[in-house]
>>> print(open('run-v3.tsv').read())   # TSV, C-alpha atoms
chain	number	residue	atom	x	y	z
G	911	MET	CA	-11.24	-14.55	15.19
G	912	LYS	CA	-7.58	-15.15	15.84
G	913	LYS	CA	-6.79	-12.98	12.86
G	914	SER	CA	-8.69	-9.97	14.13
G	915	ILE	CA	-6.92	-10.09	17.48
G	916	LEU	CA	-3.63	-10.13	15.64
G	917	ALA	CA	-4.68	-7.18	13.57
G	918	VAL	CA	-5.54	-5.13	16.63
G	919	ALA	CA	-2.32	-6.17	18.34
G	920	THR	CA	-0.36	-4.94	15.33
G	921	LEU	CA	-2.28	-1.75	15.43
G	922	CYS	CA	-1.31	-1.16	19.06
G	923	VAL	CA	2.34	-1.54	18.28
G	924	LEU	CA	2.10	0.64	15.26
G	925	GLY	CA	-0.03	3.20	17.03
G	926	THR	CA	2.76	3.98	19.46
G	927	SER	CA	5.55	3.84	16.90
G	928	VAL	CA	3.92	6.20	14.48
G	929	ALA	CA	3.06	8.47	17.37
G	930	MET	CA	-0.13	9.25	15.55
G	931	ALA	CA	-2.27	7.61	18.16
G	932	LYS	CA	-1.36	6.92	21.73
G	933	ASN	CA	-4.31	4.57	21.72
G	934	GLN	CA	-4.14	0.84	22.09
G	935	MET	CA	-7.19	-0.08	20.02
G	936	ALA	CA	-8.54	1.02	16.67
G	937	THR	CA	-11.71	2.05	18.45
G	938	ASP	CA	-10.07	4.21	21.12
G	939	THR	CA	-10.32	7.38	19.06
G	940	THR	CA	-13.42	8.69	17.33
G	941	PRO	CA	-13.42	9.30	13.57
G	942	ALA	CA	-13.27	13.04	14.26
G	943	GLU	CA	-10.22	12.57	16.50
G	944	ASP	CA	-8.58	10.32	13.89
G	945	LEU	CA	-9.06	12.98	11.24
G	946	LYS	CA	-7.21	15.50	13.41
G	947	ILE	CA	-4.42	13.10	14.32
G	948	TYR	CA	-3.72	11.93	10.75
G	949	ARG	CA	-3.89	15.37	9.23
G	950	ALA	CA	-1.52	16.76	11.88
G	951	TYR	CA	0.85	13.83	11.36
G	952	PHE	CA	1.18	14.45	7.62
G	953	MET	CA	1.28	18.23	7.86
G	954	LYS	CA	4.15	17.87	10.31
G	955	LYS	CA	5.92	15.25	8.22
G	956	PHE	CA	5.74	17.43	5.11
G	957	PRO	CA	6.05	21.01	6.34
G	958	GLY	CA	5.17	23.58	3.71
G	959	VAL	CA	2.87	21.25	1.77
G	960	PRO	CA	-0.61	22.80	1.98
G	961	LEU	CA	-3.53	20.48	2.78
G	962	GLN	CA	-5.03	20.73	-0.70
G	963	GLU	CA	-1.72	19.69	-2.31
G	964	PHE	CA	-2.09	16.19	-0.85
G	965	ALA	CA	-4.74	15.61	-3.52
G	966	ASN	CA	-1.84	15.17	-5.94
G	967	GLY	CA	-0.52	12.03	-4.29
G	968	VAL	CA	3.16	11.38	-4.59
G	969	ASN	CA	3.58	14.58	-6.62
G	970	ALA	CA	2.86	16.62	-3.52
G	971	VAL	CA	5.97	15.31	-1.79
G	972	SER	CA	8.47	14.54	-4.57
G	973	GLU	CA	9.97	17.22	-6.83
G	974	VAL	CA	11.19	14.73	-9.42
G	975	ASN	CA	7.83	13.02	-9.69
G	976	ARG	CA	6.12	16.37	-9.85
G	977	GLU	CA	8.08	17.57	-12.86
G	978	ASN	CA	7.22	14.47	-14.88
G	979	TRP	CA	3.64	14.60	-13.76
G	980	GLU	CA	3.15	18.26	-14.66
G	981	ALA	CA	4.51	17.54	-18.12
G	982	ILE	CA	2.07	14.65	-18.59
G	983	GLU	CA	-0.89	16.65	-17.28
G	984	GLU	CA	-0.32	19.22	-20.07
G	985	PHE	CA	-1.86	16.70	-22.47
G	986	PRO	CA	-3.44	14.21	-20.11
G	987	PRO	CA	-3.94	10.73	-21.55
G	988	TYR	CA	-7.31	10.49	-19.78
G	989	GLU	CA	-8.86	13.42	-21.65
G	990	PRO	CA	-10.51	11.42	-24.44
G	991	MET	CA	-11.73	9.00	-21.77
G	992	ILE	CA	-13.68	11.77	-20.06
G	993	ASP	CA	-15.46	12.34	-23.38
G	994	GLU	CA	-16.19	8.63	-23.69
G	995	GLY	CA	-17.68	8.80	-20.22
G	996	GLU	CA	-19.92	11.70	-21.20
G	997	VAL	CA	-21.25	9.64	-24.09
G	998	ILE	CA	-22.00	6.78	-21.68
G	999	TRP	CA	-23.75	9.22	-19.34
G	1000	ASN	CA	-25.94	10.52	-22.15
G	1001	THR	CA	-26.69	7.26	-23.96
G	1002	PRO	CA	-30.22	6.07	-23.15
G	1003	PHE	CA	-30.81	2.62	-21.67
G	1004	LYS	CA	-33.14	0.28	-23.53
G	1005	ASN	CA	-36.00	1.75	-21.51
G	1006	GLY	CA	-35.15	5.25	-22.71
G	1007	LYS	CA	-33.84	6.54	-19.38
G	1008	THR	CA	-30.25	7.59	-18.75
G	1009	PHE	CA	-27.87	7.67	-15.77
G	1010	ALA	CA	-29.21	11.15	-15.09
G	1011	SER	CA	-32.42	9.55	-13.82
G	1012	CYS	CA	-30.54	7.86	-10.97
G	1013	PHE	CA	-28.34	10.82	-10.03
G	1014	ASN	CA	-30.65	13.83	-9.79
G	1015	ASN	CA	-29.79	14.83	-13.34
G	1016	ASN	CA	-26.33	15.75	-12.11
G	1017	PRO	CA	-23.09	13.93	-12.95
G	1018	ALA	CA	-21.18	15.86	-10.25
G	1019	GLN	CA	-21.77	13.20	-7.59
G	1020	ARG	CA	-18.30	12.58	-6.20
G	1021	LYS	CA	-18.82	14.37	-2.89
G	1022	ASN	CA	-21.81	12.16	-2.02
G	1023	TYR	CA	-19.80	8.91	-1.92
G	1024	PRO	CA	-18.91	6.78	-0.12
G	1025	TYR	CA	-21.72	7.10	2.40
G	1026	TRP	CA	-23.23	4.97	5.12
G	1027	ASP	CA	-26.56	3.52	4.01
G	1028	LYS	CA	-28.61	3.01	7.12
G	1029	SER	CA	-31.17	0.66	5.65
G	1030	LYS	CA	-28.61	-1.51	3.87
G	1031	LYS	CA	-26.31	-1.30	6.91
G	1032	ALA	CA	-23.40	-0.93	4.53
G	1033	VAL	CA	-21.00	1.53	2.97
G	1034	VAL	CA	-22.19	2.45	-0.52
G	1035	THR	CA	-19.66	3.62	-3.11
G	1036	LEU	CA	-20.14	5.53	-6.35
G	1037	GLU	CA	-19.22	2.41	-8.34
G	1038	GLN	CA	-22.01	0.50	-6.61
G	1039	ALA	CA	-24.48	3.31	-7.24
G	1040	VAL	CA	-23.59	3.20	-10.95
G	1041	ASN	CA	-24.25	-0.51	-11.11
G	1042	ALA	CA	-27.42	-0.22	-9.02
G	1043	CYS	CA	-28.67	2.25	-11.61
G	1044	LEU	CA	-27.90	-0.15	-14.44
G	1045	THR	CA	-29.57	-3.11	-12.76
G	1046	LYS	CA	-32.60	-1.05	-11.80
G	1047	ASN	CA	-33.04	-0.16	-15.45
G	1048	GLY	CA	-32.66	-3.69	-16.70
G	1049	GLU	CA	-29.09	-3.22	-17.93
G	1050	LYS	CA	-26.01	-5.32	-17.33
G	1051	PRO	CA	-23.76	-4.10	-14.50
G	1052	MET	CA	-20.19	-3.02	-15.31
G	1053	LYS	CA	-16.94	-4.59	-14.11
G	1054	TYR	CA	-15.50	-2.78	-11.11
G	1055	LYS	CA	-11.78	-2.44	-11.79
G	1056	LYS	CA	-11.28	-1.23	-15.35
G	1057	GLY	CA	-12.97	-0.60	-18.65
G	1058	LYS	CA	-16.30	1.13	-19.13
G	1059	ILE	CA	-16.87	2.08	-15.51
G	1060	THR	CA	-13.63	4.08	-15.43
G	1061	ARG	CA	-14.85	6.16	-18.38
G	1062	LEU	CA	-18.10	7.02	-16.65
G	1063	LEU	CA	-16.30	7.73	-13.34
G	1064	ALA	CA	-13.79	9.90	-15.21
G	1065	TYR	CA	-16.63	12.02	-16.58
G	1066	MET	CA	-18.43	12.19	-13.22
G	1067	GLY	CA	-15.14	12.90	-11.45
G	1068	TYR	CA	-14.27	15.65	-13.88
G	1069	GLN	CA	-17.68	17.25	-13.36
G	1070	SER	CA	-17.09	17.00	-9.59
G	1071	ARG	CA	-13.67	18.64	-9.54
G	1072	GLY	CA	-13.43	21.15	-6.74
G	1073	GLN	CA	-15.97	19.46	-4.49
G	1074	LYS	CA	-14.68	18.82	-1.00
G	1075	THR	CA	-14.32	15.37	0.50
G	1076	ASN	CA	-16.85	15.15	3.29
G	1077	VAL	CA	-17.42	11.60	4.49
G	1078	VAL	CA	-19.84	11.44	7.39
G	1079	VAL	CA	-19.58	8.61	9.90
G	1080	PRO	CA	-22.88	8.75	11.77
G	1081	ASN	CA	-22.99	7.89	15.43
G	1082	ASP	CA	-24.49	4.49	14.67
G	1083	PRO	CA	-22.79	1.35	15.96
G	1084	ASP	CA	-22.93	-0.38	12.56
G	1085	ALA	CA	-21.47	2.61	10.74
G	1086	LEU	CA	-18.74	2.94	13.36
G	1087	LYS	CA	-17.96	-0.75	13.02
G	1088	ALA	CA	-17.53	-0.38	9.25
G	1089	TYR	CA	-15.21	2.58	9.82
G	1090	TYR	CA	-13.14	0.77	12.45
G	1091	ASP	CA	-12.96	-2.36	10.29
G	1092	GLY	CA	-11.53	-0.22	7.52
G	1093	LYS	CA	-9.08	1.32	9.96
G	1094	THR	CA	-7.98	-2.05	11.31
G	1095	PHE	CA	-7.47	-3.30	7.77
G	1096	PHE	CA	-5.29	-0.29	7.04
G	1097	PHE	CA	-2.99	-0.97	9.99
G	1098	ALA	CA	-2.86	-4.77	9.77
G	1099	ARG	CA	0.26	-6.46	8.46
G	1100	ARG	CA	-0.50	-8.92	5.68
G	1101	GLY	CA	1.03	-11.03	2.96
G	1102	GLN	CA	4.24	-12.95	2.83
G	1103	LEU	CA	6.13	-9.65	2.95
G	1104	ASN	CA	4.20	-8.73	6.09
G	1105	PHE	CA	3.33	-5.10	5.39
G	1106	SER	CA	0.44	-2.93	6.43
G	1107	CYS	CA	-0.88	-0.12	4.25
G	1108	ALA	CA	0.20	2.27	6.99
G	1109	GLN	CA	3.79	1.10	6.97
G	1110	CYS	CA	4.14	2.18	3.35
G	1111	HIS	CA	1.78	5.15	3.15
G	1112	VAL	CA	2.05	6.61	6.66
G	1113	GLU	CA	5.41	5.65	8.16
G	1114	SER	CA	7.35	5.55	4.86
G	1115	ALA	CA	5.44	8.24	2.95
G	1116	GLY	CA	7.93	10.29	0.93
G	1117	GLN	CA	10.56	7.56	1.11
G	1118	ARG	CA	11.62	5.32	-1.76
G	1119	VAL	CA	11.04	1.66	-2.48
G	1120	ARG	CA	13.64	1.27	-5.20
G	1121	SER	CA	12.92	4.35	-7.27
G	1122	ASN	CA	9.21	4.53	-6.39
G	1123	VAL	CA	8.42	7.33	-3.98
G	1124	LEU	CA	5.61	6.35	-1.62
G	1125	SER	CA	2.57	8.63	-1.54
G	1126	PRO	CA	1.05	9.81	1.74
G	1127	ALA	CA	-2.29	8.22	2.63
G	1128	LEU	CA	-3.68	11.72	3.12
G	1129	GLY	CA	-5.30	12.59	-0.21
G	1130	HIS	CA	-5.24	8.99	-1.44
G	1131	THR	CA	-8.89	9.01	-2.46
G	1132	THR	CA	-9.38	12.30	-4.31
G	1133	GLY	CA	-7.95	11.71	-7.78
G	1134	TRP	CA	-9.81	8.64	-9.06
G	1135	PRO	CA	-10.03	7.10	-11.53
G	1136	VAL	CA	-6.29	7.21	-12.13
G	1137	TYR	CA	-4.36	6.73	-15.38
G	1138	ARG	CA	-1.11	4.79	-14.94
G	1139	SER	CA	1.34	3.99	-17.72
G	1140	LYS	CA	1.81	0.60	-16.07
G	1141	TRP	CA	-1.87	-0.06	-16.69
G	1142	GLY	CA	-1.86	1.83	-19.99
G	1143	ASP	CA	-5.35	2.78	-18.95
G	1144	LEU	CA	-7.57	4.13	-16.21
G	1145	GLY	CA	-8.27	2.05	-13.12
G	1146	THR	CA	-10.47	2.38	-10.07
G	1147	LEU	CA	-9.42	2.83	-6.45
G	1148	HIS	CA	-10.22	-0.80	-5.67
G	1149	ARG	CA	-8.02	-1.93	-8.55
G	1150	ARG	CA	-5.22	-0.08	-6.80
G	1151	PHE	CA	-6.06	-1.62	-3.43
G	1152	GLY	CA	-5.78	-5.04	-5.09
G	1153	GLY	CA	-2.45	-4.10	-6.64
G	1154	CYS	CA	-1.04	-2.95	-3.32
G	1155	ASN	CA	-2.20	-6.16	-1.65
G	1156	LYS	CA	-0.53	-8.20	-4.38
G	1157	GLN	CA	2.69	-6.25	-3.98
G	1158	VAL	CA	3.13	-7.70	-0.52
G	1159	ARG	CA	2.11	-11.12	-1.85
G	1160	ALA	CA	-1.25	-11.06	-0.10
G	1161	LYS	CA	-4.35	-12.31	-1.83
G	1162	PRO	CA	-6.31	-9.29	-3.05
G	1163	PHE	CA	-9.92	-8.94	-1.91
G	1164	LYS	CA	-12.82	-8.53	-4.30
G	1165	ALA	CA	-13.30	-5.08	-5.79
G	1166	GLN	CA	-16.40	-3.59	-4.11
G	1167	GLY	CA	-16.45	-6.35	-1.52
G	1168	LYS	CA	-17.05	-5.34	2.08
G	1169	GLU	CA	-13.35	-5.21	3.03
G	1170	TYR	CA	-12.38	-2.70	0.37
G	1171	ARG	CA	-15.54	-0.63	0.80
G	1172	ASN	CA	-14.86	-0.27	4.50
G	1173	LEU	CA	-11.23	0.54	3.72
G	1174	GLU	CA	-12.41	3.20	1.27
G	1175	TYR	CA	-14.76	4.59	3.91
G	1176	PHE	CA	-11.92	4.97	6.44
G	1177	LEU	CA	-9.39	6.23	3.90
G	1178	THR	CA	-11.74	8.76	2.30
G	1179	HIS	CA	-12.76	10.09	5.70
G	1180	MET	CA	-9.08	10.72	6.40
G	1181	SER	CA	-9.08	13.14	3.42
G	1182	ASN	CA	-12.11	15.15	4.56
G	1183	GLY	CA	-11.65	18.78	3.57
G	1184	ILE	CA	-9.49	17.99	0.53
G	1185	GLU	CA	-10.96	18.71	-2.90
G	1186	TYR	CA	-11.71	16.03	-5.46
G	1187	ASN	CA	-9.48	16.34	-8.53
G	1188	GLY	CA	-10.04	13.22	-10.57
G	1189	PRO	CA	-9.30	11.86	-13.00
G	1190	SER	CA	-5.53	12.09	-12.74
G	1191	THR	CA	-2.30	10.50	-13.93
G	1192	ARG	CA	0.01	8.68	-11.53
G	1193	GLN	CA	3.29	6.81	-11.61
K	1293	MET	CA	19.86	-34.54	23.64
K	1294	ARG	CA	22.44	-32.47	25.50
K	1295	ASN	CA	25.08	-34.97	24.52
K	1296	THR	CA	24.17	-34.77	20.88
K	1297	ALA	CA	24.42	-31.02	20.98
K	1298	LYS	CA	27.84	-31.29	22.52
K	1299	LEU	CA	28.87	-33.84	19.96
K	1300	ILE	CA	27.81	-31.63	17.12
K	1301	ALA	CA	29.60	-28.69	18.68
K	1302	THR	CA	32.75	-30.74	18.98
K	1303	ALA	CA	32.42	-31.99	15.46
K	1304	ALA	CA	31.98	-28.42	14.29
K	1305	SER	CA	35.10	-27.23	16.06
K	1306	PHE	CA	36.97	-30.15	14.57
K	1307	ALA	CA	35.80	-29.10	11.17
K	1308	VAL	CA	37.11	-25.61	11.80
K	1309	LEU	CA	40.41	-27.05	12.99
K	1310	ILE	CA	40.72	-29.29	10.00
K	1311	GLY	CA	39.81	-26.44	7.72
K	1312	GLY	CA	42.54	-24.38	9.34
K	1313	THR	CA	45.26	-26.97	9.26
K	1314	SER	CA	44.77	-29.13	6.21
K	1315	LEU	CA	45.68	-27.44	2.98
K	1316	ILE	CA	43.32	-29.20	0.59
K	1317	PRO	CA	40.04	-28.55	2.41
K	1318	GLN	CA	41.04	-24.91	2.87
K	1319	ALA	CA	41.52	-24.34	-0.83
K	1320	ALA	CA	38.23	-26.05	-1.52
K	1321	SER	CA	36.41	-24.01	1.07
K	1322	ALA	CA	37.89	-20.76	-0.22
K	1323	ALA	CA	36.46	-21.49	-3.64
K	1324	GLY	CA	33.21	-22.50	-1.97
K	1325	HIS	CA	33.17	-19.26	-0.06
K	1326	ALA	CA	33.67	-17.15	-3.16
K	1327	ASP	CA	30.78	-18.98	-4.80
K	1328	MET	CA	28.65	-18.37	-1.79
K	1329	VAL	CA	29.42	-14.64	-1.77
K	1330	LYS	CA	28.57	-14.49	-5.45
K	1331	LYS	CA	25.32	-16.33	-4.89
K	1332	GLY	CA	24.56	-14.10	-1.90
K	1333	LYS	CA	24.87	-10.99	-4.01
K	1334	GLU	CA	22.66	-12.48	-6.70
K	1335	VAL	CA	19.95	-13.40	-4.23
K	1336	ALA	CA	20.17	-10.04	-2.47
K	1337	PHE	CA	19.85	-8.08	-5.74
K	1338	ASN	CA	17.22	-10.28	-7.41
K	1339	ARG	CA	13.84	-8.50	-7.33
K	1340	LYS	CA	12.00	-11.81	-7.02
K	1341	LYS	CA	14.19	-12.96	-4.11
K	1342	GLY	CA	15.85	-10.74	-1.52
K	1343	ASN	CA	15.23	-7.49	-3.38
K	1344	CYS	CA	17.20	-5.80	-0.59
K	1345	LEU	CA	17.80	-2.84	-2.93
K	1346	ALA	CA	14.12	-2.02	-2.61
K	1347	CYS	CA	15.00	-0.53	0.76
K	1348	HIS	CA	18.78	-0.49	1.20
K	1349	ALA	CA	21.63	1.18	-0.64
K	1350	MET	CA	24.32	-1.47	-0.94
K	1351	ASP	CA	27.41	-2.22	-2.96
K	1352	ASP	CA	27.06	-1.24	-6.65
K	1353	GLY	CA	23.27	-1.68	-6.71
K	1354	THR	CA	21.52	0.97	-8.80
K	1355	SER	CA	18.57	3.17	-7.75
K	1356	PRO	CA	18.17	1.72	-4.27
K	1357	GLY	CA	15.29	2.69	-1.95
K	1358	ASP	CA	15.85	4.48	1.33
K	1359	ILE	CA	13.44	2.79	3.74
K	1360	GLY	CA	16.29	1.02	5.52
K	1361	PRO	CA	19.87	2.13	6.36
K	1362	PRO	CA	22.68	1.67	3.81
K	1363	LEU	CA	24.29	-1.73	4.25
K	1364	VAL	CA	27.96	-0.90	4.78
K	1365	ALA	CA	30.68	-2.07	7.17
K	1366	MET	CA	28.53	-5.05	8.06
K	1367	LYS	CA	31.31	-6.98	9.75
K	1368	ALA	CA	32.01	-4.09	12.09
K	1369	ARG	CA	28.35	-3.49	12.79
K	1370	PHE	CA	27.52	-7.15	13.24
K	1371	PRO	CA	30.59	-8.80	14.76
K	1372	ASP	CA	28.24	-11.65	15.68
K	1373	LYS	CA	27.27	-13.34	12.41
K	1374	LYS	CA	24.32	-15.04	14.08
K	1375	LYS	CA	22.80	-11.65	14.89
K	1376	LEU	CA	23.11	-10.59	11.26
K	1377	ARG	CA	21.44	-13.78	10.14
K	1378	ALA	CA	18.69	-13.31	12.71
K	1379	GLN	CA	18.04	-9.77	11.43
K	1380	ILE	CA	17.39	-11.17	7.96
K	1381	TRP	CA	15.49	-14.21	9.17
K	1382	ASP	CA	13.00	-12.15	11.19
K	1383	ALA	CA	13.58	-8.43	11.71
K	1384	GLU	CA	10.53	-8.22	13.94
K	1385	VAL	CA	12.45	-9.79	16.81
K	1386	ALA	CA	14.84	-6.85	17.08
K	1387	ASN	CA	12.15	-4.30	16.27
K	1388	PRO	CA	8.46	-5.21	16.49
K	1389	ASP	CA	7.57	-2.20	14.31
K	1390	THR	CA	10.08	-3.06	11.63
K	1391	ARG	CA	9.35	-2.40	7.98
K	1392	MET	CA	11.73	-5.16	6.89
K	1393	PRO	CA	10.09	-8.40	5.67
K	1394	PRO	CA	10.79	-11.61	7.65
K	1395	PHE	CA	12.75	-13.41	4.94
K	1396	GLY	CA	13.31	-16.64	6.85
K	1397	LYS	CA	10.23	-16.81	9.01
K	1398	HIS	CA	7.89	-16.29	6.04
K	1399	LYS	CA	10.02	-18.44	3.75
K	1400	ILE	CA	10.48	-15.57	1.31
K	1401	ILE	CA	13.88	-17.00	0.44
K	1402	SER	CA	15.49	-20.31	1.43
K	1403	GLU	CA	17.72	-20.91	4.44
K	1404	SER	CA	20.73	-21.49	2.18
K	1405	ASP	CA	19.97	-18.22	0.36
K	1406	ILE	CA	20.06	-16.46	3.73
K	1407	ASP	CA	23.39	-18.09	4.56
K	1408	ALA	CA	24.75	-16.88	1.23
K	1409	ILE	CA	23.49	-13.34	1.80
K	1410	VAL	CA	25.16	-13.25	5.21
K	1411	GLU	CA	28.49	-14.23	3.66
K	1412	TYR	CA	28.02	-11.60	0.98
K	1413	LEU	CA	27.08	-8.88	3.50
K	1414	TYR	CA	30.26	-9.65	5.43
K	1415	THR	CA	32.24	-8.52	2.39
K	1416	LEU	CA	30.55	-5.09	2.40
>>> encode(input="run-v3.tsv", output="structure tokens")
Amino acid sequence: MKKSILAVATLCVLGTSVAMAKNQMATDTTPAEDLKIYRAYFMKKFPGVPLQEFANGVNAVSEVNRENWEAIEEFPPYEPMIDEGEVIWNTPFKNGKTFASCFNNNPAQRKNYPYWDKSKKAVVTLEQAVNACLTKNGEKPMKYKKGKITRLLAYMGYQSRGQKTNVVVPNDPDALKAYYDGKTFFFARRGQLNFSCAQCHVESAGQRVRSNVLSPALGHTTGWPVYRSKWGDLGTLHRRFGGCNKQVRAKPFKAQGKEYRNLEYFLTHMSNGIEYNGPSTRQ
Amino acid sequence: MRNTAKLIATAASFAVLIGGTSLIPQAASAAGHADMVKKGKEVAFNRKKGNCLACHAMDDGTSPGDIGPPLVAMKARFPDKKKLRAQIWDAEVANPDTRMPPFGKHKIISESDIDAIVEYLYTL
């Protein structure tokens, strides 16, 4: 209880400083208004960077990063992993069915997630849908941060390239609450180092922490799964959330737990209109 | 309580006086000061401690970040040492929206580390 008041208080302060919201509460602006405010903020902060470019993360706003990145993308390390994912997609379960049976025979599903599930009263992500499919067919679910799931998501993401982000937040109090919880999380200071996501990826976007240029939050959700040399592998969005929480010495939340799903809901909505381009490589 | 404070203040000014007049303690404290400056630099540069270079260009530190202003002419900018210490201890007091971590308040580094950093910054 005390914590949530603190979070909102922080948000107020930040809201005025970032000048992206004159509001005092996370809930003072509608999702549609937020979308406008955030997009305008980043377009103004990075003049000349077209909306779609933000799908490339830090490479949209840093020349040096971009050069390295373009060189890597010539022979992307994730390419064989897309093929591994296709094999997983096509390999029958013990009951003879495949993933196709859960996804309308179409691996290009990226644009449909995350969505608000009215009956479950929860945000449902693509990772969850993958595991729901496995469980439904009597198979073991996959781990959520790395490994097999990233191969399947890489294939599905690749098949979905070019689809536009289009997260819908229905006018339903529970859906709105999930969205605003995600928003509050994004603006709340946490960890021993006392940082909010927004302080790094909104206020400081384009600036450097040591030699790491910080990516803008706009476009944060389009390129997953992401290959990082630090990981030497692909990882999911929630793996990254956990990493960013750890960076500020905060305890990471569970991948696919409610906190990160609501955060994903808010963050993905912010990128509405931007095309999916996963998988990708990142610093 | 008041009296104690006064006593300590007096004792402190005595210490300063003694330091200024007696030769031996001065030499000792000069060596102590150099050590402190050295320690301050170490703590400030250490990624697991101050990691000030994450955000500030300072001294001969390589590939600094640019979230915060370069730390130069600190003595001129912070004639009051206490203010400089307070900025490191909890930057939120001076600026509630600050992006600088509260090194003292959140016990990110020790009080004596902060003292050492202050001495070091005064040499910049």
>>> atom_distance(input="run-v3.tsv", atom1="atom CA of G:Val1123", atom2="atom CA of G:Gly1183")
24.3 Å
>>> interface_residues(input="run-v3.tsv", of="chain K", to="chain G", cutoff="8 Å", atoms="all atoms listed in the file", output="PyMOL selection string")
chain K and resi 1345-1347+1355-1359+1388-1389+1391+1393-1395+1398+1400
>>> residues_near_point(input="run-v3.tsv", point="(26.2, -0.7, -1.0)", cutoff="8 Å", atoms="only C-alpha atoms", output="PDB file with C-alpha atoms, in the coordinates of the input")
ATOM      1  CA  HIS K1348      18.780  -0.490   1.200  1.00  0.00           C
ATOM      2  CA  ALA K1349      21.630   1.180  -0.640  1.00  0.00           C
ATOM      3  CA  MET K1350      24.320  -1.470  -0.940  1.00  0.00           C
ATOM      4  CA  ASP K1351      27.410  -2.220  -2.960  1.00  0.00           C
ATOM      5  CA  ASP K1352      27.060  -1.240  -6.650  1.00  0.00           C
ATOM      6  CA  GLY K1353      23.270  -1.680  -6.710  1.00  0.00           C
ATOM      7  CA  PRO K1362      22.680   1.670   3.810  1.00  0.00           C
ATOM      8  CA  LEU K1363      24.290  -1.730   4.250  1.00  0.00           C
ATOM      9  CA  VAL K1364      27.960  -0.900   4.780  1.00  0.00           C
ATOM     10  CA  LEU K1416      30.550  -5.090   2.400  1.00  0.00           C
TER      11      LEU K1416
END
>>> closest_residue(input="run-v3.tsv", among="G:Trp1134, G:Trp1141, G:Trp979, G:Phe1151", to="G:Tyr1068", atoms="all atoms listed in the file")
G:Trp1134
>>> residues_around(input="run-v3.tsv", residues="G:Arg1061", least_positions_apart="4", cutoff="9 Å", atoms="only C-alpha atoms", output="list in words")
Tyr988, Met991, Ile992, Asp993, Glu994, Gly995, Glu996, Ile998, Lys1056, Gly1057, Tyr1065, Met1066, Pro1135 and Leu1144 of chain G
>>> residues_around(input="run-v3.tsv", residues="G:Thr1146", least_positions_apart="6", cutoff="9 Å", atoms="all atoms listed in the file", output="list in words")
Glu1037, Tyr1054, Lys1055, Lys1056, Ile1059, Thr1060, Leu1063, Trp1134, Pro1135 and Val1136 of chain G
